[in-house]
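*Asks:* Have a look at the structure that comes next, please.
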Amino acid sequence: MKNQLNHIKIFAVMAFVAAQIVSCKESKKEQVEPEITGIQKLEVSENGHYFQTEDGKPFFWLGDTGWLTFKKLNRDEIKKYFADRKDKGYNVIQIMTMHSEEMANVYGDSAVVNKDVSKPLITEGNNFENPDEYDFWDHVDYALDVAEENNLYIGMVPIWGTSVKGGKVNLEQAKAYATFLGDRFKSRKNIIWLNGGDTPGEQNKEIWNAIGNILHAKNPDWLITFHPFGRTDSSDNYHNENWLDFNMFQSGHRRYDQETEGRMFAQDNYKFIKTDFNLKPTKPTLDGEPSYEGIPQGLHDTLQPLWNDNDLRRYAYWSVFAGGAGFTYGHNAVMQMFSIGDNPAYGNKKPWVEAINDPGAKQMQYVKNLILKFDYFNRIPDESLVANQGEKYDYQAATRGEDYALIYTYNGRTISVNMGKIKGKEVETAWYNPKNGKTTKIGTFKNEGIQDFKPSGEQVDGNDWVLILTSK
């Protein structure tokens, strides 16, 4: 009996050690998402392609376009919106500080005096309970406070490009306004500046450079980029400017057959990333405005079909796997903060309080979760993983580290993998479902030759999957 007990103890110890070894191996392949508590300064990673917090943890940009938040939401609605986005995994909200030189908020507070952006309208005091001591800029401060409580960064557009393009803002006014912004918010940690605002980068460069340089000088720790016109990229005109820390492009809202201008990449947003990824100096890049969920294809013709959650997932995985530092989601109702009784843009009829729960809005967190499970900073795009590459919706995006690879198919097409691209004699494989974030194991394969992997379901647009390979 005593010998039997000793054997049992020995087997138990051996099992425990084996479990620890397996656990250790697994931790090398699949890492736990870093817990980021509190707002930290954001930095560009050492390799120049991604973001990190000041303590060196990965920061995957998952943005939402809440463009009219400062204009249309009251304090309670701001709390509701920000809390929802935090719960769904977002960490950046993109907002227009001033939609136009006529900007006023839901309380009737104007941003500036007589439509002059060089003269912000400031009221002494900031007591939220006393309208006489509460102005437009106090409302912005309130939103920034609520964002910080929710660990959200605000991507603030100083002035939407339409005002500058229309000659409503001259160079001296822009300098005065940028100086005001820089001084008022210089101690804020949760601001990312989005210079420009849906505007051609080659126009009014003197004004945009002035705004960028002043904001950078006021607080060099702020990250700054340029939000450009549809189908264009900040790198087209500002990549070498000292104030521009990372690139942002707007892949836009058109279909392949509707392409008429810009880079002519149509829906292939990953091509923007491929261009920016190889530029020098190296800077992060991301899609800051793809086709919105619930918006007409082509934008202006409300009789056209609407972009849906399938399309948003495709844009997200295509661009991130191509080397993007994150992705910004958008919804037609949320970007304009539409409420019943408003005059809708782009045919929208759904209130924003309902639209925040649309399928695509919930699904974006899964691309972030997947990427952060693996070695983040050493990840590279690698199309050579795919032996049967296709075009348009057949395109299969691929990315990898030393001991893992991820390949995305949008339509359930078989993925033929050129094995041997990651280390190890064998690899473990699994399917990842972008709709719900669930993983299903496939099996173990030799890490050589070409292996075919067929997702479940028929080959149809929207039957998207990620193939995961990890070194054994």
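Letters for chains follow the order of the structure tokens (A, B, ...), residue numbers begin at 1 for each chain, and ligand numbers begin at 1 in the order shown.
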Give me, as a PyMOL selection string, the residues of stretch 140-334 of chain A that a backbone DSSP run labels helix (DSSP H, G or I).
*Replies:* chain A and resi 140-149+161-165+171-185+205-218+234-236+256-258+270-277+309-321+332-334
*Asks:* From the list A:Lys165, A:Lys189, A:Lys425, A:Lys283, which residue is nearest A:Tyr50 when using only C-alpha atoms?
*Replies:*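 Of the candidates, the smallest distance to A:Tyr50 is held by A:Lys283.
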*Asks:* Determine, counting only C-alpha atoms, which protein, DNA and RNA residues have an atom within 7 Å of an atom of A:Asp109; residues of the same chain fewer than 5 positions away are not included. Present the result as a VMD selection string.
*Replies:* chain A and resid 104 135 to 136
*Asks:* Store the residues picked out above, limited to N, CA and C atoms, as a PDB file, in the first residue's frame.
*Replies:*
ATOM      1  N   ALA A 104     -22.163  74.826 -32.306  1.00  0.00           N
ATOM      2  CA  ALA A 104     -22.753  75.009 -30.977  1.00  0.00           C
ATOM      3  C   ALA A 104     -23.153  73.638 -30.471  1.00  0.00           C
ATOM      4  N   ASP A 135     -19.728  76.582 -20.582  1.00  0.00           N
ATOM      5  CA  ASP A 135     -19.681  76.929 -21.995  1.00  0.00           C
ATOM      6  C   ASP A 135     -19.331  75.711 -22.856  1.00  0.00           C
ATOM      7  N   PHE A 136     -19.205  75.952 -24.140  1.00  0.00           N
ATOM      8  CA  PHE A 136     -18.905  74.875 -25.093  1.00  0.00           C
ATOM      9  C   PHE A 136     -17.647  74.115 -24.695  1.00  0.00           C
TER      10      PHE A 136
END
*Asks:* Find the residue from A:Ala210, A:Ile122, A:Ala430, A:Ala266 that sits nearest to A:Ala176; use only C-alpha atoms when measuring.
*Replies:* A:Ala210
*Asks:* Between A:Ser416, A:Ser384, A:Asn332, A:Asn151, which one has atoms that come closest to A:Ala361, using only C-alpha atoms?
*Replies:*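 Using only C-alpha atoms, A:Ala361 sits closest to A:Asn332.
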*Asks:* Between A:Gly230, A:Pro281, A:Gly288, A:Pro220, single out the one closest to A:Arg263, counting only C-alpha atoms.
*Replies:* A:Gly230
*Asks:* What's around A:Asn247 at 9 Å? Count only C-alpha atoms, leave out sequence neighbours fewer than 3 positions away in its own chain, and write the answer as a ChimeraX atom specification.
*Replies:* /A:224-227,233-235,238-239,244,276,283-287
*Asks:* Export N, CA and C atoms of the chosen residues as a CSV table (one decimal), in the first residue's frame?
*Replies:*
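So the final result, stored in out-v4.csv, reads:
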chain,number,residue,atom,x,y,z
A,224,ILE,N,-0.2,62.8,-33.3
A,224,ILE,CA,-0.9,63.6,-34.3
A,224,ILE,C,-0.9,62.9,-35.6
A,225,THR,N,-2.0,63.0,-36.3
A,225,THR,CA,-2.0,62.5,-37.7
A,225,THR,C,-2.9,63.5,-38.5
A,226,PHE,N,-3.2,63.1,-39.8
A,226,PHE,CA,-4.0,63.9,-40.7
A,226,PHE,C,-5.1,63.0,-41.2
A,227,HIS,N,-6.4,63.4,-41.0
A,227,HIS,CA,-7.6,62.6,-41.5
A,227,HIS,C,-7.9,63.2,-42.9
A,233,ASP,N,-4.6,59.3,-48.4
A,233,ASP,CA,-3.8,58.9,-47.3
A,233,ASP,C,-3.0,60.1,-46.8
A,234,SER,N,-2.9,60.3,-45.5
A,234,SER,CA,-2.0,61.3,-44.9
A,234,SER,C,-0.6,61.3,-45.5
A,235,SER,N,-0.2,60.1,-45.8
A,235,SER,CA,1.2,59.9,-46.3
A,235,SER,C,1.4,60.6,-47.7
A,238,TYR,N,1.9,64.5,-46.1
A,238,TYR,CA,2.5,64.9,-44.8
A,238,TYR,C,3.4,63.9,-44.1
A,239,HIS,N,3.7,62.8,-44.8
A,239,HIS,CA,4.5,61.7,-44.2
A,239,HIS,C,5.8,62.2,-43.6
A,244,LEU,N,3.7,64.9,-37.8
A,244,LEU,CA,2.9,63.7,-38.1
A,244,LEU,C,3.5,62.5,-37.5
A,276,ASP,N,2.1,52.3,-47.2
A,276,ASP,CA,2.7,53.0,-46.0
A,276,ASP,C,3.7,52.2,-45.2
A,283,LYS,N,6.4,54.7,-40.0
A,283,LYS,CA,5.4,55.2,-39.1
A,283,LYS,C,4.2,54.3,-39.1
A,284,PRO,N,3.5,54.2,-38.0
A,284,PRO,CA,2.2,53.4,-38.0
A,284,PRO,C,1.2,53.9,-39.0
A,285,THR,N,0.3,53.0,-39.4
A,285,THR,CA,-0.7,53.5,-40.3
A,285,THR,C,-2.0,52.6,-40.0
A,286,LEU,N,-3.2,53.2,-40.3
A,286,LEU,CA,-4.4,52.5,-40.1
A,286,LEU,C,-5.5,53.2,-41.0
A,287,ASP,N,-6.6,52.4,-41.1
A,287,ASP,CA,-7.8,52.8,-41.9
A,287,ASP,C,-8.6,53.6,-40.9
*Asks:* Find the residues around stretch 194-207 of chain A up to 9 Å (only C-alpha atoms counted), leave out those fewer than 4 positions away in its own chain, and share them as number ranges by chain.
*Replies:* A: 94-96, 155-162, 164-165, 169-172, 174-175, 211-212, 223-230, 232-234, 236-238, 248, 250
*Asks:* A:Val427: which residues within 12 Å, counting only C-alpha atoms, same-chain residues fewer than 6 positions away excluded, as number ranges by chain?
*Replies:* A: 29, 403-405, 417, 419-421, 441-448, 451, 467-472
*Asks:* Give me, please, the distance in Å between atom CA of A:Arg188 and atom CA of A:Asp138, quoted to one decimal.
*Replies:*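 Going from atom CA of A:Arg188 over to atom CA of A:Asp138, I get 13.8 Å.
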*Asks:* So which one's closest to A:Leu370, A:Asn433, A:Ser45, A:Asn127, A:Thr302? Using only C-alpha atoms, please.
*Replies:* A:Asn433
*Asks:* Taking 2 positions as the minimum chain separation for residues in the same chain, which residues sit within 9 Å of stretch 392-402 of chain A when counting only C-alpha atoms? Answer as a ChimeraX atom specification.
*Replies:* /A:256,267-268,270,314,317-323,374-386,388-390,404-413,415,421-423,461,471
*Asks:* Rank nothing, just name the residue among A:Gly252, A:Pro296, A:Gly324, A:Pro290 nearest to A:Ile273, using only C-alpha atoms.
*Replies:* A:Gly324
*Asks:* Can you check which residues of stretch 104-352 of chain A DSSP gives as strand (DSSP E) on the backbone and send them as a PyMOL selection string?
*Replies:* chain A and resi 112-113+116-120+153-157+191-199+223-228+232-233+247-250+285-287+326-329
*Asks:* I'd like the interatomic distance between atom CA of A:Thr439 and atom CA of A:Tyr366, to a tenth of an Å.
*Replies:*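 About the pair atom CA of A:Thr439 and atom CA of A:Tyr366: they are 11.1 Å apart.
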